[in-house]
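Participant: So here's query_13.txt (compact mmCIF, C-alpha atoms).
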```
# COMPACT_ATOMS: atom_id res chain seq x y z
CA MET L 897 66.95 57.00 18.65
CA CYS L 898 67.77 57.82 15.05
CA VAL L 899 65.27 55.23 13.83
CA TRP L 900 62.54 56.75 16.04
CA MET L 901 63.26 60.27 14.76
CA THR L 902 63.13 59.02 11.18
CA ILE L 903 59.73 57.40 11.77
CA ARG L 904 58.37 60.60 13.38
CA ARG L 905 59.65 62.68 10.47
CA ARG L 906 57.95 60.38 7.93
CA PHE L 907 54.65 60.49 9.82
CA GLY L 908 54.92 64.29 9.95
CA MET L 909 55.44 64.56 6.20
CA ALA L 910 52.52 62.21 5.55
CA ALA L 911 50.25 64.31 7.77
CA LEU L 912 51.33 67.50 5.99
CA CYS L 913 50.63 65.99 2.56
CA LEU L 914 47.20 64.81 3.72
CA SER L 915 46.39 68.31 5.00
CA LEU L 916 47.40 69.89 1.69
CA MET L 917 45.23 67.43 -0.22
CA LEU L 918 42.23 68.28 1.95
CA CYS L 919 42.84 72.00 1.41
CA ALA L 920 43.16 71.68 -2.37
CA GLY L 921 40.53 73.24 -4.63
CA CYS L 922 38.96 76.68 -5.06
CA TRP L 923 37.67 78.07 -1.80
CA ASN L 924 35.18 80.28 -3.61
CA TYR L 925 34.14 77.72 -6.25
CA GLN L 926 30.50 77.92 -7.26
CA GLU L 927 28.32 75.87 -9.55
CA ILE L 928 27.23 77.53 -12.82
CA SER L 929 23.63 77.20 -11.71
CA ASP L 930 24.38 79.34 -8.63
CA VAL L 931 25.27 82.50 -10.56
CA THR L 932 23.93 84.71 -13.35
CA PHE L 933 26.78 85.63 -15.69
CA ILE L 934 26.86 89.27 -16.85
CA ALA L 935 28.32 89.82 -20.33
CA GLY L 936 27.92 93.59 -20.33
CA ALA L 937 25.98 96.50 -18.93
CA GLY L 938 24.57 99.84 -19.96
CA VAL L 939 23.35 102.82 -17.94
CA ASP L 940 20.98 105.61 -18.99
CA ALA L 941 19.58 108.64 -17.24
CA ASP L 942 15.95 108.00 -16.26
CA PRO L 943 13.71 110.86 -17.52
CA ALA L 944 11.79 110.48 -14.25
CA GLY L 945 15.01 110.87 -12.26
CA GLY L 946 17.71 108.39 -11.33
CA TYR L 947 19.15 105.65 -13.51
CA ILE L 948 18.08 102.90 -15.89
CA LEU L 949 20.38 99.88 -15.73
CA THR L 950 20.49 97.28 -18.51
CA LEU L 951 22.36 94.01 -17.98
CA GLU L 952 23.05 91.50 -20.73
CA THR L 953 23.28 88.09 -19.10
CA VAL L 954 24.52 84.82 -20.59
CA ASP L 955 23.27 81.31 -19.91
CA PHE L 956 26.22 78.87 -19.96
CA SER L 957 24.29 76.00 -18.41
CA GLY L 958 22.90 73.06 -20.36
CA GLY L 959 23.64 71.94 -23.89
CA ASP L 960 26.88 70.54 -25.26
CA ALA L 961 30.19 72.25 -25.87
CA GLY L 962 29.20 73.27 -29.40
CA THR L 963 26.01 75.04 -28.32
CA THR L 964 26.04 78.83 -28.59
CA PRO L 965 25.21 80.45 -25.21
CA LYS L 966 22.00 82.44 -25.10
CA SER L 967 21.72 85.97 -23.78
CA SER L 968 18.87 87.87 -22.18
CA LEU L 969 18.36 91.38 -20.85
CA ILE L 970 17.54 92.58 -17.35
CA THR L 971 16.37 96.19 -17.04
CA THR L 972 15.80 97.99 -13.76
CA SER L 973 15.53 101.59 -12.62
CA ALA L 974 16.14 103.36 -9.32
CA PRO L 975 17.16 106.71 -7.85
CA THR L 976 20.73 105.44 -7.40
CA ILE L 977 22.85 103.05 -9.45
CA ALA L 978 23.45 100.93 -6.33
CA GLN L 979 19.70 100.44 -5.88
CA ALA L 980 19.31 99.62 -9.57
CA VAL L 981 21.91 96.85 -9.23
CA GLU L 982 20.17 95.55 -6.10
CA ASN L 983 16.84 95.52 -7.97
CA ALA L 984 18.49 93.47 -10.72
CA GLU L 985 19.75 91.01 -8.09
CA ARG L 986 16.18 90.55 -6.87
CA SER L 987 14.91 89.77 -10.37
CA VAL L 988 17.08 86.64 -10.81
CA SER L 989 17.26 83.42 -8.86
CA ALA L 990 21.08 83.31 -8.83
CA ARG L 991 23.70 85.83 -7.73
CA LEU L 992 24.90 88.33 -10.36
CA TYR L 993 28.45 87.44 -11.41
CA TRP L 994 30.49 90.30 -12.98
CA ASN L 995 33.76 88.49 -13.72
CA HIS L 996 32.73 87.79 -17.35
CA ALA L 997 31.54 91.36 -18.00
CA SER L 998 33.33 92.75 -21.07
CA THR L 999 31.50 95.94 -22.08
CA PHE L 1000 30.03 99.00 -20.38
CA VAL L 1001 27.90 101.41 -22.44
CA ILE L 1002 26.94 104.93 -21.33
CA GLY L 1003 23.73 106.40 -22.76
CA GLU L 1004 23.72 109.79 -24.48
CA SER L 1005 21.62 111.66 -21.90
CA LEU L 1006 23.61 110.31 -18.95
CA ALA L 1007 26.93 111.18 -20.61
CA GLU L 1008 25.74 114.76 -21.08
CA GLU L 1009 24.83 115.00 -17.39
CA ASN L 1010 27.51 113.31 -15.28
CA ILE L 1011 28.75 109.73 -15.34
CA MET L 1012 30.87 110.02 -12.18
CA PRO L 1013 28.27 108.52 -9.79
CA VAL L 1014 28.17 105.40 -11.96
CA LEU L 1015 31.96 105.18 -12.11
CA ASP L 1016 32.21 105.69 -8.35
CA PHE L 1017 29.89 102.75 -7.79
CA ILE L 1018 31.93 100.54 -10.13
CA MET L 1019 35.21 101.53 -8.48
CA HIS L 1020 34.00 100.78 -4.96
CA ASN L 1021 31.81 97.75 -5.59
CA LEU L 1022 32.71 95.98 -8.83
CA ASP L 1023 36.48 95.62 -8.89
CA THR L 1024 36.31 92.85 -11.48
CA ALA L 1025 34.47 95.17 -13.87
CA MET L 1026 37.33 97.69 -14.11
CA ASN L 1027 38.69 95.80 -17.14
CA VAL L 1028 35.55 96.27 -19.26
CA TRP L 1029 35.63 98.18 -22.53
CA LEU L 1030 34.03 101.61 -22.12
CA LEU L 1031 31.75 102.92 -24.90
CA ALA L 1032 29.29 105.76 -25.31
CA ALA L 1033 26.05 105.51 -27.27
CA GLU L 1034 26.28 107.97 -30.15
CA SER L 1035 22.61 108.85 -29.88
CA GLY L 1036 19.73 107.45 -27.87
CA THR L 1037 20.03 105.03 -25.01
CA ALA L 1038 22.49 102.39 -23.94
CA GLN L 1039 19.53 100.05 -23.56
CA SER L 1040 18.78 100.26 -27.30
CA VAL L 1041 22.35 99.19 -28.16
CA PHE L 1042 21.75 95.72 -26.72
CA GLY L 1043 18.82 95.19 -29.09
CA LEU L 1044 20.88 95.63 -32.26
CA LYS L 1045 22.03 92.88 -34.61
CA THR L 1046 25.68 91.92 -34.60
CA ARG L 1047 28.23 90.35 -36.89
CA GLY L 1048 30.20 87.57 -35.24
CA SER L 1049 29.14 86.87 -31.68
CA ALA L 1050 25.38 86.82 -31.14
CA ILE L 1051 25.98 88.32 -27.70
CA VAL L 1052 26.13 92.10 -28.15
CA SER L 1053 28.59 92.71 -25.29
CA TYR L 1054 31.04 90.16 -26.66
CA ALA L 1055 30.62 91.47 -30.23
CA LEU L 1056 31.56 94.95 -28.97
CA ARG L 1057 34.51 93.48 -27.09
CA ASP L 1058 35.75 91.83 -30.29
CA ILE L 1059 35.44 95.10 -32.22
CA MET L 1060 37.42 96.95 -29.55
CA GLN L 1061 40.18 94.36 -29.55
CA ASP L 1062 40.46 94.42 -33.37
CA ASN L 1063 40.14 98.21 -33.69
CA PRO L 1064 43.85 99.03 -34.26
CA HIS L 1065 43.41 97.52 -37.71
CA PHE L 1066 41.10 100.30 -38.90
CA GLY L 1067 41.86 103.27 -36.62
CA GLN L 1068 38.43 104.91 -36.59
CA THR L 1069 37.86 104.99 -32.84
CA ILE L 1070 39.77 104.95 -29.58
CA PRO L 1071 39.41 101.66 -27.70
CA GLN L 1072 39.82 102.06 -23.95
CA ARG L 1073 39.17 99.91 -20.96
CA LEU L 1074 37.52 101.54 -17.97
CA PHE L 1075 40.66 101.62 -15.85
CA GLU L 1076 42.51 103.40 -18.69
CA ALA L 1077 39.88 106.13 -19.09
CA LEU L 1078 39.20 106.60 -15.39
CA PRO L 1079 42.07 108.98 -14.47
CA GLY L 1080 41.04 111.42 -17.19
CA LEU L 1081 37.34 111.15 -16.41
CA LYS L 1082 38.03 111.96 -12.76
CA SER L 1083 40.18 114.96 -13.69
CA SER L 1084 38.82 118.46 -14.21
CA ASP L 1085 41.54 119.53 -16.67
CA ARG L 1086 41.77 116.64 -19.12
CA ALA L 1087 39.71 115.53 -22.09
CA VAL L 1088 39.05 111.84 -22.68
CA LEU L 1089 38.02 110.30 -25.99
CA THR L 1090 35.65 107.36 -25.62
CA ALA L 1091 34.56 104.98 -28.39
CA LEU L 1092 31.14 105.66 -29.93
CA VAL L 1093 28.69 102.86 -30.65
CA SER L 1094 25.76 103.45 -32.99
CA GLN L 1095 23.46 101.65 -35.38
CA VAL L 1096 23.71 101.41 -39.15
CA ASN L 1097 21.24 99.80 -41.52
CA GLN L 1098 22.71 96.86 -43.41
CA ASN L 1099 20.49 94.75 -45.65
CA GLY L 1100 17.41 96.04 -43.88
CA GLU L 1101 18.70 95.28 -40.38
CA ASP L 1102 19.81 97.71 -37.67
CA THR L 1103 23.37 96.58 -36.99
CA ILE L 1104 26.01 97.66 -34.49
CA SER L 1105 28.74 100.00 -35.67
CA VAL L 1106 31.68 101.42 -33.71
CA SER L 1107 33.18 104.55 -35.26
CA GLY L 1108 34.22 107.94 -33.94
CA CYS L 1109 34.39 108.94 -30.31
CA ALA L 1110 32.74 111.01 -27.62
CA VAL L 1111 34.76 113.92 -26.25
CA MET L 1112 34.42 113.69 -22.47
CA ARG L 1113 35.46 116.78 -20.51
CA GLY L 1114 35.78 115.55 -16.98
CA ALA L 1115 32.79 113.25 -16.49
CA ARG L 1116 30.51 115.00 -19.01
CA ARG L 1117 30.16 114.61 -22.74
CA LEU L 1118 31.20 117.77 -24.56
CA SER L 1119 30.89 116.72 -28.20
CA THR L 1120 31.60 113.90 -30.65
CA LEU L 1121 34.13 113.25 -33.41
CA ASP L 1122 33.46 111.22 -36.54
CA GLY L 1123 35.75 108.42 -37.71
CA ASP L 1124 38.06 110.60 -39.82
CA GLN L 1125 38.39 113.21 -37.07
CA THR L 1126 39.15 110.47 -34.57
CA ALA L 1127 41.86 109.02 -36.83
CA ALA L 1128 43.45 112.47 -37.09
CA ALA L 1129 43.32 112.86 -33.30
CA LEU L 1130 44.95 109.45 -32.91
CA ALA L 1131 47.72 110.49 -35.30
CA LEU L 1132 48.40 113.61 -33.21
CA GLN L 1133 48.51 111.42 -30.11
CA GLY L 1134 51.00 109.09 -31.81
CA ARG L 1135 48.58 106.17 -31.38
CA LEU L 1136 47.41 105.54 -34.95
CA SER L 1137 48.70 102.19 -36.16
CA ARG L 1138 46.72 101.65 -39.38
CA ARG L 1139 44.29 103.63 -41.43
CA VAL L 1140 43.09 103.71 -45.04
CA LEU L 1141 43.47 107.24 -46.43
CA GLU L 1142 41.71 108.35 -49.62
CA ILE L 1143 43.38 110.98 -51.79
CA ASN L 1144 41.42 113.11 -54.25
CA THR L 1145 43.52 113.44 -57.40
CA GLY L 1146 40.96 115.56 -59.23
CA GLU L 1147 40.13 112.76 -61.65
CA GLU L 1148 40.19 109.44 -59.83
CA MET L 1149 40.41 108.60 -56.14
CA ALA L 1150 43.63 107.06 -54.91
CA ALA L 1151 43.97 105.14 -51.64
CA VAL L 1152 46.92 104.30 -49.39
CA GLN L 1153 47.21 102.65 -46.01
CA LEU L 1154 48.94 104.63 -43.28
CA LEU L 1155 51.13 102.43 -41.11
CA GLY L 1156 52.64 103.04 -37.70
CA VAL L 1157 52.20 106.80 -37.40
CA GLU L 1158 54.58 108.43 -34.89
CA ARG L 1159 54.47 111.87 -33.25
CA SER L 1160 57.17 114.12 -31.84
CA LEU L 1161 56.42 117.33 -29.95
CA ALA L 1162 58.41 120.45 -29.08
CA ALA L 1163 57.00 123.20 -26.85
CA SER L 1164 58.21 126.71 -26.10
CA THR L 1165 56.86 130.14 -25.21
CA GLN L 1166 56.74 133.42 -27.08
CA GLY L 1167 55.89 136.09 -24.56
CA GLU L 1168 52.89 134.64 -22.75
CA ARG L 1169 51.80 132.54 -25.70
CA LEU L 1170 52.50 128.82 -25.91
CA ARG L 1171 54.09 127.50 -29.10
CA LEU L 1172 53.78 123.85 -30.13
CA GLU L 1173 55.63 122.23 -32.99
CA ILE L 1174 54.26 118.80 -33.88
CA ARG L 1175 55.95 116.46 -36.32
CA VAL L 1176 54.12 113.42 -37.63
CA ASP L 1177 56.03 110.62 -39.37
CA ALA L 1178 53.88 108.17 -41.30
CA GLY L 1179 54.73 105.13 -43.32
CA TYR L 1180 52.26 104.33 -46.10
CA ALA L 1181 51.61 101.55 -48.58
CA PRO L 1182 49.75 102.11 -51.89
CA ILE L 1183 46.40 100.34 -52.15
CA GLN L 1184 44.68 101.81 -55.21
CA ILE L 1185 46.59 104.17 -57.49
CA PRO L 1186 45.31 105.37 -60.93
CA VAL L 1187 47.63 104.23 -63.73
CA GLY L 1188 49.67 107.17 -64.98
CA GLY L 1189 47.97 109.46 -62.42
CA VAL L 1190 49.04 110.82 -59.08
CA GLY L 1191 50.98 107.65 -58.27
CA HIS L 1192 53.03 107.73 -61.44
CA THR L 1193 56.11 108.38 -59.32
CA GLU L 1194 56.82 107.67 -55.68
CA LYS L 1195 57.80 111.29 -55.12
CA SER L 1196 54.49 112.69 -56.38
CA LEU L 1197 52.46 110.16 -54.39
CA THR L 1198 54.39 110.90 -51.20
CA ALA L 1199 53.77 114.62 -51.67
CA ARG L 1200 50.00 113.99 -52.05
CA VAL L 1201 49.95 111.80 -48.94
CA GLU L 1202 51.73 114.48 -46.91
CA GLU L 1203 49.33 117.12 -48.21
CA ALA L 1204 46.24 115.04 -47.36
CA VAL L 1205 47.46 114.13 -43.86
CA HIS L 1206 48.51 117.73 -43.15
CA GLU L 1207 45.07 119.00 -44.16
CA GLU L 1208 43.27 116.55 -41.85
CA LEU L 1209 45.58 117.31 -38.91
CA THR L 1210 45.22 121.06 -39.36
CA GLU L 1211 41.42 120.76 -39.47
CA ILE L 1212 41.18 118.73 -36.26
CA ILE L 1213 43.58 121.11 -34.45
CA ASN L 1214 41.44 124.09 -35.48
CA HIS L 1215 38.32 122.23 -34.36
CA ALA L 1216 39.83 121.40 -30.97
CA GLN L 1217 41.05 124.95 -30.37
CA THR L 1218 38.06 126.88 -31.76
CA ASN L 1219 35.00 124.68 -31.19
CA LEU L 1220 35.92 122.33 -28.36
CA GLY L 1221 38.23 124.60 -26.42
CA CYS L 1222 40.17 121.71 -24.90
CA ASP L 1223 43.19 119.52 -25.50
CA ILE L 1224 42.12 116.22 -27.07
CA PHE L 1225 45.64 115.25 -28.15
CA GLY L 1226 47.27 114.62 -24.77
CA VAL L 1227 49.65 117.57 -25.11
CA GLY L 1228 49.12 118.59 -21.49
CA ALA L 1229 49.90 115.10 -20.23
CA TYR L 1230 53.04 115.07 -22.39
CA LEU L 1231 54.23 118.38 -20.94
CA GLN L 1232 53.54 117.19 -17.38
CA ALA L 1233 55.77 114.18 -17.99
CA HIS L 1234 58.52 115.68 -20.17
CA ASN L 1235 58.54 119.44 -19.50
CA PRO L 1236 57.13 120.03 -16.00
CA GLU L 1237 58.60 123.54 -15.72
CA LEU L 1238 56.74 124.69 -18.83
CA TRP L 1239 53.61 122.87 -17.69
CA GLU L 1240 53.62 124.80 -14.40
CA LEU L 1241 53.23 128.05 -16.34
CA TYR L 1242 49.86 126.95 -17.73
CA ALA L 1243 48.63 124.22 -15.36
CA GLY L 1244 45.84 126.32 -13.88
CA THR L 1245 44.59 127.65 -17.22
CA TRP L 1246 45.51 124.85 -19.60
CA ASP L 1247 42.33 124.93 -21.72
CA ALA L 1248 42.79 128.64 -22.42
CA ALA L 1249 46.52 128.23 -23.07
CA PHE L 1250 45.90 125.36 -25.48
CA SER L 1251 43.11 127.20 -27.29
CA TRP L 1252 45.36 130.23 -27.89
CA ALA L 1253 48.54 128.27 -28.59
CA GLU L 1254 50.38 128.68 -31.86
CA ILE L 1255 50.48 125.16 -33.28
CA SER L 1256 52.42 124.15 -36.37
CA VAL L 1257 52.37 120.69 -37.95
CA THR L 1258 54.95 119.03 -40.18
CA VAL L 1259 54.17 115.74 -41.94
CA ASN L 1260 56.85 113.40 -43.21
CA ALA L 1261 55.49 110.49 -45.27
CA ARG L 1262 57.45 107.51 -46.52
CA MET L 1263 56.46 104.65 -48.82
CA VAL L 1264 57.09 101.30 -47.14
CA ARG L 1265 57.15 97.62 -47.91
CA ASP L 1266 55.79 96.21 -44.65
CA SER L 1267 53.81 97.26 -41.58
CA THR L 1268 56.29 97.24 -38.71
CA GLY L 1269 56.45 101.03 -38.32
CA PRO L 1270 58.24 103.92 -40.02
CA GLY L 1271 61.27 103.61 -37.80
CA THR L 1272 62.16 100.15 -39.13
CA MET L 1273 60.58 100.07 -42.59
CA GLU L 1274 62.55 100.02 -45.79
CA ALA L 1275 61.57 102.60 -48.35
CA ALA L 1276 60.01 101.05 -51.40
CA GLY L 1277 62.38 101.04 -54.32
CA SER L 1278 65.50 101.42 -52.18
```
What do you get writing this file as C-alpha cells?

Facilitator:
Amino acid sequence: MCVWMTIRRRFGMAALCLSLMLCAGCWNYQEISDVTFIAGAGVDADPAGGYILTLETVDFSGGDAGTTPKSSLITTSAPTIAQAVENAERSVSARLYWNHASTFVIGESLAEENIMPVLDFIMHNLDTAMNVWLLAAESGTAQSVFGLKTRGSAIVSYALRDIMQDNPHFGQTIPQRLFEALPGLKSSDRAVLTALVSQVNQNGEDTISVSGCAVMRGARRLSTLDGDQTAAALALQGRLSRRVLEINTGEEMAAVQLLGVERSLAASTQGERLRLEIRVDAGYAPIQIPVGGVGHTEKSLTARVEEAVHEELTEIINHAQTNLGCDIFGVGAYLQAHNPELWELYAGTWDAAFSWAEISVTVNARMVRDSTGPGTMEAAGS
C-alpha cells in the first residue's frame, strides 16, 4: 500500500512540474514587429479646435546590437485627445505601445487653456504613461520640440529624459514625473512648477534646452520663471541640491557652488495676518575667487554668499506675492501636514493669505569640503 501511494505521489509531482513548464513564459508576450514603440508625446491646442497630437516613435527592429534606433514622428489632430490617439493607431501597421514612453510635452497654447482633458485621458487609458517626465514648451508648440537637435541621444524624448534625470546637478528647473505633478494640477488651490523646454542656437543649430519652469495654477499656465528664479524657488522649497552662484564683487565676478540647501519654516498669526519665518541653510564650495578680493577670508566670502542668496530669495518671494498671487514654495502643503489648525484658518482663501503674508528670510551659509549636505559637512579650515 505504501509503495502504491509513493508511486502515485511521484506521478502527481511529475504532472505538476509538466503543467508548470507548459505555463511558463509571458502571457502577453509580443514580437517587436507587432508593436510601434512610443518614446514620447506632445499635445498642442489646434487653432481650428481640438488637439494636435505628436508621437515620437522608435524602431528597434533590424540591425545589430550596436545600431542606434531610429525615430520618426506621427502627427494627428481631432476634436478630442482620445480620437487623436485612435487616428494615430490607424496610421501605423502595428499597435501603439506606450510602455517605453519617457516624456510628455505640453504646448504653450494648450497649457494656457486647460490641460486637464489630456491628463484625464492619460489617467484612465494609459496607466503605463504615468511615469513619464512632464515638460511644458516655453514658447510655440510641443510639436516643434521634437524637431530640435539634441546632445547625447538622437531621440528627442530620451534626450529630455536624460536631462531630467541629471537635473539635480545644475538646479535650474524642477524635474517632475506626471504622477508627481498630477495632485497639484488637479487641485484648485495649489501651484505646480513644471520644467520648461525651449530651443537655443548653438553653432548655428537649434538645440534643445531645459531651464526654468512654467507656473501652473490648477491645470492652466499662469506664468514662467527663468533658471535663476527657479533655483531660488527650489531653495525655498528645500529641494535645491546643487547650483552655481555668481557673486558680483564690484571688480571681478566670484563663483561658488551651493550644496544641499535646506529649509525650515515657522508660521504664526498677527491679528488676521499670516506671518512666515523661513530659514535657509546652505553649504557652499568656492569655485572662482579673485586673489586678494572678496574671498580673501572665509568670513567675508560667507557674508557675500549670504547676501547674494538672501537677495535672490527676497526677489522671488516678492514676485510670487505681488505678480503671481499664489504660493509656489509649497508653504500651504507644509502647513496642511505640520500645522493643520493654522491651515484651517486660511484654507479657503490661501492665495490671498499668502499674498498678504509677512514673510521674513534668514540665510545661513557655511563653507564646506564635500557635497553631502550642510548637516554633515565639515567647515573648511576647521

Participant: Compare L:Glu1194, L:Glu1168, L:Glu1202, L:Asp1247 by their minimum atom-to-atom distance to L:Thr1218, counting all atoms listed in the file, and give me the closest one.

Facilitator: L:Asp1247

Participant: Quick one: everything within 6 Å of stretch 985-998 of chain L, counting only C-alpha atoms, minus sequence neighbours fewer than 4 positions away in the same chain. Send it as an MDAnalysis selection string.

Facilitator: chainID L and resid 930:936 1024 1028

Participant: Within 12 Å of L:Ile1255, counting all atoms listed in the file, which residues show up once you throw out same-chain ones fewer than 3 positions away? Write them as a PyMOL selection string, please.

Facilitator: chain L and resi 1132+1161-1165+1169-1175+1209-1214+1216-1217+1227+1249-1252+1258

Participant: Give me, please, the distance in Å between atom CA of L:Leu1056 and atom CA of L:Pro1013, quoted to one decimal.

Facilitator: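 So the two atoms, atom CA of L:Leu1056 and atom CA of L:Pro1013, lie 23.7 Å apart.
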
Participant: Can you pull out the residues contacting stretch 1078-1086 of chain L? Cut-off 8 Å, using only C-alpha atoms, and skip same-chain residues under 2 positions away; I want them as a ChimeraX atom specification.

Facilitator: /L:1012,1074-1076,1088,1112-1115,1222-1224,1228,1246-1247

Participant: Can you report as lines of an AutoDock Vina configuration file the centre and edge lengths in Å, to one decimal, of an axis-aligned box around the listed atoms of stretch 1131-1142 of chain L padded with 8 Å on each side?

Facilitator:
```
center_x = 46.4
center_y = 107.6
center_z = -39.9
size_x = 25.3
size_y = 28.0
size_z = 35.5
```

Participant: Measure the distance from atom CA of L:Thr1090 to atom CA of L:Glu1004 in Å and round it to one decimal.

Facilitator: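 Computing it gives 12.2 Å between the two atoms.
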
Participant: Pick out the closest residue to L:Ser1105 from this set: L:Ala1131, L:Ala1229, L:Ile1018, L:Ala1033. Count only C-alpha atoms.

Facilitator: L:Ala1033

Participant: Neighbours of L:Glu1142 within 7 Å (only C-alpha atoms; same-chain residues fewer than 4 positions away dropped), as JSON, numbers by chain?

Facilitator: {"L": [1149, 1150, 1151, 1152]}

Participant: Work out how far atom CA of L:Ala1181 is from atom CA of L:Arg1262, in Å to one decimal.

Facilitator: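 We find that atom CA of L:Arg1262 and atom CA of L:Ala1181 lie 8.6 Å from each other.
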
Participant: If you count all atoms listed in the file, which residues fall within 9 Å of L:Gln1095, apart from same-chain ones fewer than 6 positions away, as a VMD selection string?

Facilitator: chain L and resid 1034 1041 1044 to 1045 1102 to 1106

Participant: Add whatever atoms are absent from stretch 1202-1209 of chain L to reach all heavy atoms, and provide the output as a short mmCIF file (atom, residue, chain, number, x, y, z; two decimals), in the coordinates of the input.

Facilitator:
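Result saved to part-v9.cif:
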```cif
data_model
loop_
_atom_site.label_atom_id
_atom_site.label_comp_id
_atom_site.auth_asym_id
_atom_site.auth_seq_id
_atom_site.Cartn_x
_atom_site.Cartn_y
_atom_site.Cartn_z
N GLU L 1202 51.39 113.47 -47.91
CA GLU L 1202 51.73 114.48 -46.91
C GLU L 1202 50.73 115.62 -46.91
O GLU L 1202 50.32 116.10 -45.85
CB GLU L 1202 53.14 115.01 -47.19
CG GLU L 1202 54.23 114.00 -46.91
CD GLU L 1202 55.61 114.50 -47.27
OE1 GLU L 1202 55.70 115.50 -48.01
OE2 GLU L 1202 56.61 113.90 -46.81
N GLU L 1203 50.31 116.03 -48.10
CA GLU L 1203 49.33 117.12 -48.21
C GLU L 1203 48.00 116.73 -47.59
O GLU L 1203 47.38 117.51 -46.85
CB GLU L 1203 49.15 117.48 -49.68
CG GLU L 1203 48.17 118.62 -49.93
CD GLU L 1203 47.99 118.89 -51.41
OE1 GLU L 1203 48.75 118.35 -52.24
OE2 GLU L 1203 47.05 119.65 -51.75
N ALA L 1204 47.53 115.50 -47.89
CA ALA L 1204 46.24 115.04 -47.36
C ALA L 1204 46.27 114.89 -45.85
O ALA L 1204 45.33 115.28 -45.14
CB ALA L 1204 45.85 113.72 -48.02
N VAL L 1205 47.35 114.31 -45.31
CA VAL L 1205 47.46 114.13 -43.86
C VAL L 1205 47.56 115.48 -43.19
O VAL L 1205 46.91 115.73 -42.16
CB VAL L 1205 48.69 113.25 -43.52
CG1 VAL L 1205 48.91 113.22 -42.01
CG2 VAL L 1205 48.50 111.84 -44.06
N HIS L 1206 48.35 116.39 -43.74
CA HIS L 1206 48.51 117.73 -43.15
C HIS L 1206 47.17 118.46 -43.09
O HIS L 1206 46.85 119.12 -42.09
CB HIS L 1206 49.52 118.54 -43.95
CG HIS L 1206 49.85 119.87 -43.34
ND1 HIS L 1206 49.09 121.01 -43.56
CD2 HIS L 1206 50.84 120.23 -42.47
CE1 HIS L 1206 49.62 122.01 -42.88
NE2 HIS L 1206 50.67 121.58 -42.21
N GLU L 1207 46.38 118.34 -44.13
CA GLU L 1207 45.07 119.00 -44.16
C GLU L 1207 44.16 118.47 -43.06
O GLU L 1207 43.50 119.24 -42.36
CB GLU L 1207 44.42 118.80 -45.52
CG GLU L 1207 43.06 119.49 -45.66
CD GLU L 1207 42.44 119.30 -47.03
OE1 GLU L 1207 43.11 118.76 -47.94
OE2 GLU L 1207 41.26 119.68 -47.20
N GLU L 1208 44.12 117.13 -42.89
CA GLU L 1208 43.27 116.55 -41.85
C GLU L 1208 43.74 116.96 -40.45
O GLU L 1208 42.92 117.28 -39.58
CB GLU L 1208 43.27 115.02 -41.96
CG GLU L 1208 42.42 114.49 -43.10
CD GLU L 1208 42.09 113.02 -42.91
OE1 GLU L 1208 42.79 112.35 -42.13
OE2 GLU L 1208 41.13 112.56 -43.55
N LEU L 1209 45.05 116.96 -40.23
CA LEU L 1209 45.58 117.31 -38.91
C LEU L 1209 45.32 118.78 -38.59
O LEU L 1209 44.97 119.13 -37.45
CB LEU L 1209 47.07 117.01 -38.83
CG LEU L 1209 47.50 115.55 -39.04
CD1 LEU L 1209 48.98 115.39 -38.78
CD2 LEU L 1209 46.69 114.59 -38.19
#
```
